[in-house]
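Visitor: What follows is run-v9.cif, mmCIF, N, CA and C atoms.
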data_my_file
#
loop_
_atom_site.label_atom_id
_atom_site.label_comp_id
_atom_site.auth_asym_id
_atom_site.auth_seq_id
_atom_site.Cartn_x
_atom_site.Cartn_y
_atom_site.Cartn_z
N MET A 1 0.84 -1.18 0.00
CA MET A 1 0.00 0.00 0.00
C MET A 1 0.89 1.25 0.00
N LEU A 2 0.45 2.23 -0.75
CA LEU A 2 1.18 3.49 -0.84
C LEU A 2 1.23 4.21 0.51
N MET A 3 2.39 4.76 0.84
CA MET A 3 2.51 5.59 2.04
C MET A 3 3.07 6.94 1.59
N SER A 4 2.44 8.01 2.07
CA SER A 4 2.93 9.35 1.76
C SER A 4 3.36 10.01 3.06
N LYS A 5 4.18 11.05 2.91
CA LYS A 5 4.66 11.80 4.08
C LYS A 5 4.52 13.28 3.82
N ARG A 6 4.24 14.01 4.88
CA ARG A 6 4.28 15.47 4.79
C ARG A 6 4.80 16.02 6.11
N THR A 7 5.49 17.14 6.02
CA THR A 7 6.12 17.76 7.18
C THR A 7 5.26 18.92 7.66
N VAL A 8 5.12 19.02 8.99
CA VAL A 8 4.36 20.11 9.62
C VAL A 8 5.26 20.73 10.68
N THR A 9 5.35 22.04 10.67
CA THR A 9 6.04 22.76 11.73
C THR A 9 4.99 23.26 12.71
N ILE A 10 5.15 22.93 13.99
CA ILE A 10 4.19 23.32 15.01
C ILE A 10 4.34 24.82 15.28
N GLU A 11 3.28 25.54 15.07
CA GLU A 11 3.27 26.99 15.27
C GLU A 11 2.76 27.33 16.67
N TRP A 12 3.04 28.53 17.12
CA TRP A 12 2.60 28.99 18.44
C TRP A 12 1.09 28.87 18.59
N GLY A 13 0.34 29.24 17.55
CA GLY A 13 -1.12 29.20 17.61
C GLY A 13 -1.70 27.80 17.61
N ASP A 14 -0.88 26.77 17.35
CA ASP A 14 -1.35 25.38 17.39
C ASP A 14 -1.38 24.84 18.81
N CYS A 15 -0.80 25.59 19.75
CA CYS A 15 -0.59 25.08 21.11
C CYS A 15 -1.52 25.73 22.12
N ASP A 16 -1.72 25.01 23.22
CA ASP A 16 -2.51 25.54 24.32
C ASP A 16 -1.58 26.28 25.29
N PRO A 17 -2.10 26.81 26.41
CA PRO A 17 -1.25 27.56 27.34
C PRO A 17 -0.10 26.75 27.94
N ALA A 18 -0.20 25.41 27.91
CA ALA A 18 0.89 24.57 28.41
C ALA A 18 1.97 24.35 27.35
N ASP A 19 1.83 24.99 26.18
CA ASP A 19 2.76 24.89 25.07
C ASP A 19 2.81 23.47 24.48
N ILE A 20 1.66 22.77 24.51
CA ILE A 20 1.54 21.51 23.79
C ILE A 20 0.42 21.66 22.77
N VAL A 21 0.49 20.88 21.71
CA VAL A 21 -0.50 20.99 20.64
C VAL A 21 -1.89 20.73 21.20
N TYR A 22 -2.79 21.66 20.90
CA TYR A 22 -4.21 21.50 21.25
C TYR A 22 -4.76 20.41 20.35
N PHE A 23 -5.33 19.35 20.94
CA PHE A 23 -5.62 18.11 20.23
C PHE A 23 -6.43 18.25 18.94
N PRO A 24 -7.40 19.19 18.81
CA PRO A 24 -8.12 19.26 17.52
C PRO A 24 -7.21 19.57 16.33
N ASN A 25 -6.06 20.16 16.59
CA ASN A 25 -5.15 20.47 15.49
C ASN A 25 -4.61 19.20 14.83
N TYR A 26 -4.46 18.13 15.62
CA TYR A 26 -4.03 16.87 15.01
C TYR A 26 -5.04 16.42 13.97
N PHE A 27 -6.33 16.55 14.29
CA PHE A 27 -7.37 16.13 13.35
C PHE A 27 -7.36 17.01 12.09
N ARG A 28 -7.06 18.27 12.24
CA ARG A 28 -6.94 19.18 11.10
C ARG A 28 -5.78 18.73 10.21
N TRP A 29 -4.65 18.40 10.83
CA TRP A 29 -3.48 17.95 10.06
C TRP A 29 -3.74 16.60 9.41
N PHE A 30 -4.44 15.70 10.11
CA PHE A 30 -4.74 14.40 9.53
C PHE A 30 -5.68 14.55 8.34
N ASP A 31 -6.66 15.44 8.44
CA ASP A 31 -7.58 15.68 7.33
C ASP A 31 -6.79 16.17 6.11
N ALA A 32 -5.91 17.13 6.33
CA ALA A 32 -5.08 17.64 5.23
C ALA A 32 -4.15 16.55 4.69
N SER A 33 -3.69 15.68 5.56
CA SER A 33 -2.80 14.60 5.12
C SER A 33 -3.53 13.59 4.25
N THR A 34 -4.82 13.37 4.50
CA THR A 34 -5.60 12.48 3.63
C THR A 34 -5.70 13.08 2.24
N ALA A 35 -6.01 14.36 2.14
CA ALA A 35 -6.06 15.02 0.83
C ALA A 35 -4.69 14.98 0.17
N HIS A 36 -3.63 15.22 0.93
CA HIS A 36 -2.26 15.15 0.41
C HIS A 36 -1.96 13.75 -0.11
N HIS A 37 -2.45 12.73 0.58
CA HIS A 37 -2.21 11.34 0.20
C HIS A 37 -2.83 11.06 -1.18
N PHE A 38 -4.04 11.55 -1.39
CA PHE A 38 -4.68 11.38 -2.70
C PHE A 38 -3.85 12.07 -3.78
N ALA A 39 -3.36 13.27 -3.50
CA ALA A 39 -2.52 13.99 -4.46
C ALA A 39 -1.23 13.21 -4.73
N ALA A 40 -0.64 12.64 -3.68
CA ALA A 40 0.59 11.87 -3.83
C ALA A 40 0.37 10.63 -4.70
N ALA A 41 -0.85 10.12 -4.69
CA ALA A 41 -1.19 8.96 -5.53
C ALA A 41 -1.49 9.37 -6.97
N GLY A 42 -1.50 10.67 -7.24
CA GLY A 42 -1.78 11.15 -8.57
C GLY A 42 -3.22 11.55 -8.80
N LEU A 43 -3.99 11.68 -7.71
CA LEU A 43 -5.40 12.03 -7.82
C LEU A 43 -5.74 13.13 -6.81
N PRO A 44 -5.34 14.38 -7.09
CA PRO A 44 -5.70 15.47 -6.17
C PRO A 44 -7.22 15.53 -6.00
N LYS A 45 -7.65 15.97 -4.85
CA LYS A 45 -9.08 15.98 -4.53
C LYS A 45 -9.93 16.68 -5.60
N PRO A 46 -9.54 17.86 -6.13
CA PRO A 46 -10.36 18.47 -7.18
C PRO A 46 -10.52 17.58 -8.41
N GLU A 47 -9.46 16.84 -8.74
CA GLU A 47 -9.52 15.92 -9.88
C GLU A 47 -10.43 14.73 -9.57
N LEU A 48 -10.34 14.19 -8.36
CA LEU A 48 -11.24 13.10 -7.93
C LEU A 48 -12.69 13.54 -8.08
N ILE A 49 -13.00 14.73 -7.61
CA ILE A 49 -14.37 15.26 -7.67
C ILE A 49 -14.82 15.40 -9.12
N ARG A 50 -13.98 15.97 -9.95
CA ARG A 50 -14.34 16.17 -11.35
C ARG A 50 -14.46 14.85 -12.12
N ARG A 51 -13.47 14.01 -11.97
CA ARG A 51 -13.41 12.77 -12.77
C ARG A 51 -14.54 11.80 -12.43
N TYR A 52 -14.87 11.69 -11.14
CA TYR A 52 -15.85 10.67 -10.72
C TYR A 52 -17.20 11.26 -10.32
N ASP A 53 -17.37 12.57 -10.52
CA ASP A 53 -18.64 13.24 -10.22
C ASP A 53 -19.08 12.95 -8.78
N VAL A 54 -18.14 13.13 -7.85
CA VAL A 54 -18.42 12.93 -6.43
C VAL A 54 -18.29 14.26 -5.69
N VAL A 55 -18.77 14.27 -4.46
CA VAL A 55 -18.66 15.47 -3.62
C VAL A 55 -17.34 15.45 -2.85
N GLY A 56 -16.90 14.27 -2.46
CA GLY A 56 -15.67 14.14 -1.70
C GLY A 56 -15.68 12.88 -0.87
N PHE A 57 -14.91 12.90 0.23
CA PHE A 57 -14.81 11.72 1.10
C PHE A 57 -14.93 12.14 2.56
N PRO A 58 -16.17 12.40 3.01
CA PRO A 58 -16.37 12.85 4.39
C PRO A 58 -16.01 11.78 5.42
N MET A 59 -15.82 12.26 6.63
CA MET A 59 -15.44 11.43 7.76
C MET A 59 -16.65 10.66 8.30
N LEU A 60 -16.46 9.37 8.56
CA LEU A 60 -17.47 8.57 9.23
C LEU A 60 -17.11 8.35 10.70
N THR A 61 -15.85 7.99 10.93
CA THR A 61 -15.37 7.82 12.30
C THR A 61 -13.91 8.30 12.36
N THR A 62 -13.50 8.68 13.55
CA THR A 62 -12.11 9.07 13.74
C THR A 62 -11.72 8.79 15.19
N LYS A 63 -10.47 8.49 15.38
CA LYS A 63 -9.93 8.34 16.74
C LYS A 63 -8.43 8.56 16.69
N SER A 64 -7.85 8.75 17.85
CA SER A 64 -6.41 8.94 17.91
C SER A 64 -5.87 8.43 19.23
N ASN A 65 -4.59 8.12 19.20
CA ASN A 65 -3.85 7.72 20.39
C ASN A 65 -2.67 8.66 20.52
N TYR A 66 -2.46 9.19 21.72
CA TYR A 66 -1.41 10.17 21.98
C TYR A 66 -0.34 9.53 22.85
N PHE A 67 0.91 9.66 22.42
CA PHE A 67 2.01 9.04 23.15
C PHE A 67 2.99 10.07 23.71
N VAL A 68 3.34 11.07 22.88
CA VAL A 68 4.33 12.07 23.26
C VAL A 68 3.81 13.44 22.82
N PRO A 69 3.84 14.44 23.70
CA PRO A 69 3.34 15.75 23.29
C PRO A 69 4.26 16.42 22.28
N SER A 70 3.64 17.23 21.42
CA SER A 70 4.39 18.06 20.49
C SER A 70 4.24 19.50 20.93
N ARG A 71 5.29 20.29 20.72
CA ARG A 71 5.33 21.66 21.22
C ARG A 71 5.67 22.64 20.10
N HIS A 72 5.44 23.92 20.42
CA HIS A 72 5.78 25.00 19.50
C HIS A 72 7.22 24.85 19.03
N GLY A 73 7.41 24.92 17.72
CA GLY A 73 8.75 24.82 17.15
C GLY A 73 9.13 23.42 16.68
N ASP A 74 8.42 22.39 17.16
CA ASP A 74 8.73 21.03 16.71
C ASP A 74 8.41 20.91 15.23
N VAL A 75 9.21 20.14 14.56
CA VAL A 75 8.95 19.77 13.17
C VAL A 75 8.61 18.29 13.18
N VAL A 76 7.41 17.98 12.71
CA VAL A 76 6.94 16.60 12.74
C VAL A 76 6.67 16.13 11.32
N GLU A 77 6.65 14.83 11.16
CA GLU A 77 6.34 14.25 9.86
C GLU A 77 5.12 13.34 10.03
N ILE A 78 4.16 13.49 9.13
CA ILE A 78 2.95 12.67 9.18
C ILE A 78 3.02 11.66 8.05
N GLU A 79 3.00 10.39 8.43
CA GLU A 79 2.99 9.29 7.47
C GLU A 79 1.54 8.84 7.32
N THR A 80 1.06 8.73 6.08
CA THR A 80 -0.33 8.39 5.84
C THR A 80 -0.42 7.22 4.88
N ARG A 81 -1.35 6.31 5.18
CA ARG A 81 -1.63 5.19 4.28
C ARG A 81 -3.09 4.80 4.40
N ILE A 82 -3.64 4.31 3.33
CA ILE A 82 -4.98 3.73 3.35
C ILE A 82 -4.79 2.25 3.62
N THR A 83 -5.40 1.76 4.69
CA THR A 83 -5.18 0.39 5.12
C THR A 83 -6.28 -0.58 4.68
N ARG A 84 -7.43 -0.03 4.24
CA ARG A 84 -8.53 -0.90 3.81
C ARG A 84 -9.45 -0.12 2.90
N PHE A 85 -9.89 -0.80 1.84
CA PHE A 85 -10.96 -0.28 1.00
C PHE A 85 -12.14 -1.22 1.11
N GLY A 86 -13.31 -0.65 1.35
CA GLY A 86 -14.55 -1.40 1.26
C GLY A 86 -15.24 -1.02 -0.05
N ARG A 87 -16.53 -1.27 -0.14
CA ARG A 87 -17.26 -0.91 -1.35
C ARG A 87 -17.26 0.60 -1.55
N SER A 88 -17.64 1.33 -0.50
CA SER A 88 -17.70 2.79 -0.61
C SER A 88 -16.86 3.50 0.45
N SER A 89 -16.33 2.76 1.39
CA SER A 89 -15.57 3.37 2.48
C SER A 89 -14.12 2.92 2.42
N PHE A 90 -13.29 3.66 3.17
CA PHE A 90 -11.89 3.27 3.28
C PHE A 90 -11.36 3.76 4.62
N ASP A 91 -10.36 3.04 5.14
CA ASP A 91 -9.72 3.36 6.41
C ASP A 91 -8.36 4.00 6.14
N VAL A 92 -8.07 5.05 6.88
CA VAL A 92 -6.82 5.78 6.75
C VAL A 92 -6.09 5.74 8.09
N GLU A 93 -4.80 5.52 8.03
CA GLU A 93 -3.96 5.53 9.24
C GLU A 93 -2.92 6.62 9.08
N HIS A 94 -2.76 7.42 10.13
CA HIS A 94 -1.74 8.47 10.17
C HIS A 94 -0.80 8.18 11.34
N ARG A 95 0.48 8.38 11.12
CA ARG A 95 1.48 8.26 12.19
C ARG A 95 2.25 9.57 12.21
N LEU A 96 2.09 10.33 13.29
CA LEU A 96 2.79 11.59 13.44
C LEU A 96 4.08 11.31 14.21
N MET A 97 5.21 11.54 13.53
CA MET A 97 6.52 11.21 14.07
C MET A 97 7.28 12.47 14.45
N ARG A 98 7.88 12.45 15.64
CA ARG A 98 8.86 13.48 16.04
C ARG A 98 10.21 12.80 15.96
N GLY A 99 10.89 13.00 14.85
CA GLY A 99 12.11 12.24 14.62
C GLY A 99 11.74 10.78 14.44
N ASP A 100 12.36 9.92 15.25
CA ASP A 100 12.03 8.49 15.15
C ASP A 100 11.05 8.05 16.24
N VAL A 101 10.41 9.01 16.90
CA VAL A 101 9.46 8.72 17.99
C VAL A 101 8.03 8.90 17.49
N LEU A 102 7.21 7.88 17.69
CA LEU A 102 5.80 7.97 17.35
C LEU A 102 5.11 8.83 18.42
N ALA A 103 4.59 9.98 18.02
CA ALA A 103 3.94 10.90 18.96
C ALA A 103 2.44 10.69 19.00
N VAL A 104 1.82 10.51 17.82
CA VAL A 104 0.36 10.37 17.74
C VAL A 104 0.02 9.42 16.60
N GLU A 105 -0.97 8.58 16.84
CA GLU A 105 -1.58 7.78 15.78
C GLU A 105 -2.98 8.32 15.55
N GLY A 106 -3.36 8.41 14.29
CA GLY A 106 -4.72 8.83 13.96
C GLY A 106 -5.35 7.82 13.03
N PHE A 107 -6.64 7.61 13.21
CA PHE A 107 -7.37 6.64 12.40
C PHE A 107 -8.66 7.27 11.91
N GLU A 108 -8.96 7.08 10.63
CA GLU A 108 -10.18 7.62 10.05
C GLU A 108 -10.86 6.53 9.24
N THR A 109 -12.17 6.57 9.21
CA THR A 109 -12.95 5.84 8.21
C THR A 109 -13.72 6.90 7.45
N ARG A 110 -13.59 6.86 6.14
CA ARG A 110 -14.22 7.83 5.26
C ARG A 110 -15.03 7.09 4.20
N ALA A 111 -15.94 7.82 3.58
CA ALA A 111 -16.74 7.24 2.50
C ALA A 111 -16.69 8.16 1.30
N LEU A 112 -16.69 7.57 0.13
CA LEU A 112 -16.80 8.34 -1.10
C LEU A 112 -18.28 8.62 -1.30
N VAL A 113 -18.65 9.88 -1.52
CA VAL A 113 -20.07 10.23 -1.64
C VAL A 113 -20.34 11.07 -2.89
N LYS A 114 -21.57 10.95 -3.34
CA LYS A 114 -22.05 11.75 -4.47
C LYS A 114 -23.39 12.37 -4.07
N ARG A 115 -23.89 13.25 -4.90
CA ARG A 115 -25.17 13.89 -4.67
C ARG A 115 -26.21 13.24 -5.59
N THR A 116 -27.35 12.87 -5.03
CA THR A 116 -28.43 12.29 -5.83
C THR A 116 -29.12 13.39 -6.63
N ALA A 117 -30.01 12.97 -7.53
CA ALA A 117 -30.79 13.94 -8.32
C ALA A 117 -31.63 14.83 -7.41
N GLU A 118 -31.99 14.33 -6.23
CA GLU A 118 -32.78 15.10 -5.27
C GLU A 118 -31.90 16.01 -4.40
N GLY A 119 -30.60 15.93 -4.59
CA GLY A 119 -29.69 16.79 -3.84
C GLY A 119 -29.20 16.20 -2.53
N LYS A 120 -29.54 14.95 -2.24
CA LYS A 120 -29.08 14.31 -1.01
C LYS A 120 -27.73 13.64 -1.24
N LEU A 121 -26.96 13.54 -0.17
CA LEU A 121 -25.68 12.84 -0.26
C LEU A 121 -25.89 11.35 -0.05
N THR A 122 -25.17 10.56 -0.82
CA THR A 122 -25.23 9.11 -0.68
C THR A 122 -23.85 8.53 -0.98
N SER A 123 -23.55 7.42 -0.35
CA SER A 123 -22.25 6.79 -0.62
C SER A 123 -22.26 6.19 -2.02
N CYS A 124 -21.07 6.04 -2.58
CA CYS A 124 -20.94 5.43 -3.90
C CYS A 124 -19.71 4.53 -3.91
N ARG A 125 -19.70 3.61 -4.82
CA ARG A 125 -18.62 2.64 -4.93
C ARG A 125 -17.29 3.34 -5.23
N VAL A 126 -16.23 2.93 -4.53
CA VAL A 126 -14.88 3.41 -4.83
C VAL A 126 -14.42 2.70 -6.10
N PRO A 127 -14.13 3.44 -7.16
CA PRO A 127 -13.71 2.80 -8.41
C PRO A 127 -12.43 1.98 -8.23
N ASP A 128 -12.37 0.86 -8.93
CA ASP A 128 -11.19 0.00 -8.85
C ASP A 128 -9.92 0.75 -9.24
N GLU A 129 -10.02 1.65 -10.22
CA GLU A 129 -8.81 2.38 -10.64
C GLU A 129 -8.30 3.30 -9.52
N VAL A 130 -9.21 3.77 -8.64
CA VAL A 130 -8.77 4.56 -7.48
C VAL A 130 -8.04 3.65 -6.50
N LYS A 131 -8.63 2.50 -6.23
CA LYS A 131 -7.97 1.53 -5.34
C LYS A 131 -6.60 1.15 -5.86
N ASP A 132 -6.49 0.98 -7.16
CA ASP A 132 -5.21 0.58 -7.77
C ASP A 132 -4.12 1.63 -7.55
N LEU A 133 -4.51 2.92 -7.52
CA LEU A 133 -3.52 3.97 -7.30
C LEU A 133 -2.80 3.82 -5.96
N PHE A 134 -3.50 3.23 -4.99
CA PHE A 134 -2.94 3.08 -3.64
C PHE A 134 -2.34 1.71 -3.40
N GLY A 135 -2.35 0.87 -4.44
CA GLY A 135 -1.80 -0.47 -4.29
C GLY A 135 -2.68 -1.35 -3.43
N ALA A 136 -4.00 -1.12 -3.52
CA ALA A 136 -4.93 -1.90 -2.70
C ALA A 136 -4.99 -3.34 -3.20
N PRO A 137 -5.03 -4.29 -2.27
CA PRO A 137 -5.21 -5.69 -2.69
C PRO A 137 -6.61 -5.87 -3.26
N ASP A 138 -6.78 -6.86 -4.09
CA ASP A 138 -8.10 -7.14 -4.65
C ASP A 138 -9.09 -7.41 -3.53
N THR A 139 -10.28 -6.78 -3.64
CA THR A 139 -11.32 -6.98 -2.62
C THR A 139 -12.52 -7.67 -3.20
#
So that I can check it, write out the structure of this file as C-alpha cells.
Guide:
Amino acid sequence: MLMSKRTVTIEWGDCDPADIVYFPNYFRWFDASTAHHFAAAGLPKPELIRRYDVVGFPMLTTKSNYFVPSRHGDVVEIETRITRFGRSSFDVEHRLMRGDVLAVEGFETRALVKRTAEGKLTSCRVPDEVKDLFGAPDT
C-alpha cells in the first residue's frame, strides 16, 4: 500500500497555554494529510471530484492515540496510508513522528459520496482504478 509523508512545523497558535499541541489540530493535520495522500497517488481531490462526479470523502469515524506531546517549534512528519478499501468506504492511518518517535496515531474511516438527483448525499462505490492507485489488494 502506498505511504505518503508530509512535514508540519508546530506553530505557536497550534498550542494551548501549556505549550503543547491543542488536540483538535491533530485532526486538522490528519484531514489535510488524507487530501495530500490522494494527491501523492496522482489524484488530487479536485480531480477526484471532477473525474468521478463525487462530492468528496467525508469522515465517518475518527480516533487517535497520543504518546508524546508536540510543542511549538517542533517539526513533525505525518505518514499516511490507506489500510482498507470497502465498497464505498476506506480506512486511513496516520502516524505523526517526532524524529524516530511515534507521537500520535490517527485513524479515520471515510466514505466516497455523491449527490443524488434530489440533492441528497449518498455513498458510492470506490472505483477500482482509485484503489489501484494506492496499491490496494483485490477486494
Visitor: Where does region 14-107 of chain A meet region 118-126 of chain A within 6.5 Å, residue by residue, with the nearest atom pair and distance in Å to one decimal for each, counting only N, CA and C atoms, listed by chain and rising number, as CSV?
Guide:
residue,atom,partner,partner_atom,distance
A:Gly86,C,A:Val126,N,6.1
A:Arg87,C,A:Val126,N,3.9
A:Ser88,CA,A:Val126,N,4.2
A:Ser89,N,A:Val126,N,5.9
Visitor: Let's have the selection written as a short mmCIF file (atom, residue, chain, number, x, y, z; two decimals), in the coordinates of the input, with N, CA and C atoms.
Guide:
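out_7.cif, freshly written:
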data_model
loop_
_atom_site.label_atom_id
_atom_site.label_comp_id
_atom_site.auth_asym_id
_atom_site.auth_seq_id
_atom_site.Cartn_x
_atom_site.Cartn_y
_atom_site.Cartn_z
N GLY A 86 -13.31 -0.65 1.35
CA GLY A 86 -14.55 -1.40 1.26
C GLY A 86 -15.24 -1.02 -0.05
N ARG A 87 -16.53 -1.27 -0.14
CA ARG A 87 -17.26 -0.91 -1.35
C ARG A 87 -17.26 0.60 -1.55
N SER A 88 -17.64 1.33 -0.50
CA SER A 88 -17.70 2.79 -0.61
C SER A 88 -16.86 3.50 0.45
N SER A 89 -16.33 2.76 1.39
CA SER A 89 -15.57 3.37 2.48
C SER A 89 -14.12 2.92 2.42
#
Visitor: Can you list, as a PyMOL selection string, every protein, DNA or RNA residue that comes within 6.5 Å of Arg110 (chain A) when you count all atoms listed in the file, leaving out same-chain residues fewer than 4 positions away?
Guide: chain A and resi 57-61+88-92
Visitor: For the structure I just gave you, how does DSSP split chain A - specifically, which residues are alpha helix (DSSP H)? Reply as number ranges by chain.
Guide: A: 24-40, 45-52, 128-133
Visitor: One decimal, in Å: what's the spacing between CA of Thr62 (chain A) and atom C of Pro46 (chain A)?
Guide: 23.8 Å
Visitor: Using only N, CA and C atoms, find the one residue out of A:Arg71, A:Lys131, A:Lys63, A:Arg84 that sits nearest to Phe107 (chain A).
Guide: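 The closest residue to Phe107 (chain A) is A:Lys63.
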Visitor: Check the smallest atom-to-atom distance from each of A:Thr83, A:Ala117, A:Leu102, A:Asp74 to Cys15 (chain A) using only C-alpha atoms, then report the winner.
Guide: A:Asp74
Visitor: Quick one: residues within 8 Å of Met97 (chain A), only N, CA and C atoms counted, chain neighbours fewer than 2 positions away excluded, as a list in words?
Guide: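 My list of contacting residues is Val75, Val76, Glu77, Ile78, Glu79, His94, Arg95, Gly99, Asp100, Val101, Leu102, Ala103, Val104 and Glu105 of chain A.
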Visitor: Determine, counting only C-alpha atoms, which protein, DNA and RNA residues have an atom within 12 Å of an atom of region 35-43 of chain A; residues of the same chain fewer than 3 positions away are not included. Present the result as an NGL selection string.
Guide: :A and (1-7 or 28-32 or 46-52 or 56-58 or 78-82 or 92-94 or 110 or 129-136)
Visitor: Can you give me, as a ChimeraX atom specification, the residues this file yields under the PyMOL selection byres ((chain A and resi 10) around 5)?
Guide: /A:8-9,11-12,72-75
Visitor: Looking only at the backbone, which of the residues in chain A does DSSP tag as strand (DSSP E or B), as a ChimeraX atom specification?
Guide: /A:3-9,15,21,56,59-66,75-85,89-98,101-111,113-115,121-123
Visitor: In Å to one decimal, how far is CA of Pro69 (chain A) from CA of Glu108 (chain A)?
Guide: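 Between these atoms lies a distance of 20.6 Å.
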Visitor: For a test of reading the model, state the distance in Å between CA of Asn65 (chain A) and CA of Asp19 (chain A), rounded to one decimal.
Guide: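 Calculated distance between CA of Asn65 (chain A) and CA of Asp19 (chain A) is 19.0 Å.
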Visitor: For Arg115 (chain A), which residue out of A:Asp53, A:Phe27, A:Ile20, A:Ser33 is the nearest one, using only C-alpha atoms?
Guide: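 Checking each of A:Asp53, A:Phe27, A:Ile20, A:Ser33 against Arg115 (chain A), counting only C-alpha atoms, the winner is A:Asp53.
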Visitor: Take every atom of region 23-28 of chain A listed in the file, fit an axis-aligned box around them, add 5 Å per side, and give the centre and edge lengths in Å to one decimal as JSON.
Guide:
{"center_x": -6.1, "center_y": 18.3, "center_z": 15.6, "size_x": 14.1, "size_y": 14.3, "size_z": 20.7}
Visitor: Which one is closest to Val113 (chain A): A:Val54, A:Asp16, A:Lys45, A:Pro24? Count all atoms listed in the file.
Guide: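 Looking only at the distances to Val113 (chain A), the closest residue turns out to be A:Val54.
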Visitor: Got a minute to add N, CA, C and O atoms to region 14-28 of chain A and dump it as a PDB file, in the frame of the given file?
Guide:
ATOM      1  N   ASP A  14      -0.880  26.770  17.350  1.00  0.00           N
ATOM      2  CA  ASP A  14      -1.350  25.380  17.390  1.00  0.00           C
ATOM      3  C   ASP A  14      -1.380  24.840  18.810  1.00  0.00           C
ATOM      4  O   ASP A  14      -1.908  23.748  19.044  1.00  0.00           O
ATOM      5  N   CYS A  15      -0.800  25.590  19.750  1.00  0.00           N
ATOM      6  CA  CYS A  15      -0.590  25.080  21.110  1.00  0.00           C
ATOM      7  C   CYS A  15      -1.520  25.730  22.120  1.00  0.00           C
ATOM      8  O   CYS A  15      -2.031  26.831  21.923  1.00  0.00           O
ATOM      9  N   ASP A  16      -1.720  25.010  23.220  1.00  0.00           N
ATOM     10  CA  ASP A  16      -2.510  25.540  24.320  1.00  0.00           C
ATOM     11  C   ASP A  16      -1.580  26.280  25.290  1.00  0.00           C
ATOM     12  O   ASP A  16      -0.377  26.387  25.040  1.00  0.00           O
ATOM     13  N   PRO A  17      -2.100  26.810  26.410  1.00  0.00           N
ATOM     14  CA  PRO A  17      -1.250  27.560  27.340  1.00  0.00           C
ATOM     15  C   PRO A  17      -0.100  26.750  27.940  1.00  0.00           C
ATOM     16  O   PRO A  17       0.881  27.320  28.406  1.00  0.00           O
ATOM     17  N   ALA A  18      -0.200  25.410  27.910  1.00  0.00           N
ATOM     18  CA  ALA A  18       0.890  24.570  28.410  1.00  0.00           C
ATOM     19  C   ALA A  18       1.970  24.350  27.350  1.00  0.00           C
ATOM     20  O   ALA A  18       2.920  23.602  27.583  1.00  0.00           O
ATOM     21  N   ASP A  19       1.830  24.990  26.180  1.00  0.00           N
ATOM     22  CA  ASP A  19       2.760  24.890  25.070  1.00  0.00           C
ATOM     23  C   ASP A  19       2.810  23.470  24.480  1.00  0.00           C
ATOM     24  O   ASP A  19       3.847  23.013  24.013  1.00  0.00           O
ATOM     25  N   ILE A  20       1.660  22.770  24.510  1.00  0.00           N
ATOM     26  CA  ILE A  20       1.540  21.510  23.790  1.00  0.00           C
ATOM     27  C   ILE A  20       0.420  21.660  22.770  1.00  0.00           C
ATOM     28  O   ILE A  20      -0.492  22.482  22.944  1.00  0.00           O
ATOM     29  N   VAL A  21       0.490  20.880  21.710  1.00  0.00           N
ATOM     30  CA  VAL A  21      -0.500  20.990  20.640  1.00  0.00           C
ATOM     31  C   VAL A  21      -1.890  20.730  21.200  1.00  0.00           C
ATOM     32  O   VAL A  21      -2.124  19.742  21.902  1.00  0.00           O
ATOM     33  N   TYR A  22      -2.790  21.660  20.900  1.00  0.00           N
ATOM     34  CA  TYR A  22      -4.210  21.500  21.250  1.00  0.00           C
ATOM     35  C   TYR A  22      -4.760  20.410  20.350  1.00  0.00           C
ATOM     36  O   TYR A  22      -4.674  20.503  19.118  1.00  0.00           O
ATOM     37  N   PHE A  23      -5.330  19.350  20.940  1.00  0.00           N
ATOM     38  CA  PHE A  23      -5.620  18.110  20.230  1.00  0.00           C
ATOM     39  C   PHE A  23      -6.430  18.250  18.940  1.00  0.00           C
ATOM     40  O   PHE A  23      -6.207  17.493  17.992  1.00  0.00           O
ATOM     41  N   PRO A  24      -7.400  19.190  18.810  1.00  0.00           N
ATOM     42  CA  PRO A  24      -8.120  19.260  17.520  1.00  0.00           C
ATOM     43  C   PRO A  24      -7.210  19.570  16.330  1.00  0.00           C
ATOM     44  O   PRO A  24      -7.549  19.239  15.191  1.00  0.00           O
ATOM     45  N   ASN A  25      -6.060  20.160  16.590  1.00  0.00           N
ATOM     46  CA  ASN A  25      -5.150  20.470  15.490  1.00  0.00           C
ATOM     47  C   ASN A  25      -4.610  19.200  14.830  1.00  0.00           C
ATOM     48  O   ASN A  25      -4.347  19.189  13.631  1.00  0.00           O
ATOM     49  N   TYR A  26      -4.460  18.130  15.620  1.00  0.00           N
ATOM     50  CA  TYR A  26      -4.030  16.870  15.010  1.00  0.00           C
ATOM     51  C   TYR A  26      -5.040  16.420  13.970  1.00  0.00           C
ATOM     52  O   TYR A  26      -4.674  15.965  12.883  1.00  0.00           O
ATOM     53  N   PHE A  27      -6.330  16.550  14.290  1.00  0.00           N
ATOM     54  CA  PHE A  27      -7.370  16.130  13.350  1.00  0.00           C
ATOM     55  C   PHE A  27      -7.360  17.010  12.090  1.00  0.00           C
ATOM     56  O   PHE A  27      -7.594  16.521  10.983  1.00  0.00           O
ATOM     57  N   ARG A  28      -7.060  18.270  12.240  1.00  0.00           N
ATOM     58  CA  ARG A  28      -6.940  19.180  11.100  1.00  0.00           C
ATOM     59  C   ARG A  28      -5.780  18.730  10.210  1.00  0.00           C
ATOM     60  O   ARG A  28      -5.906  18.656   8.981  1.00  0.00           O
TER      61      ARG A  28
END
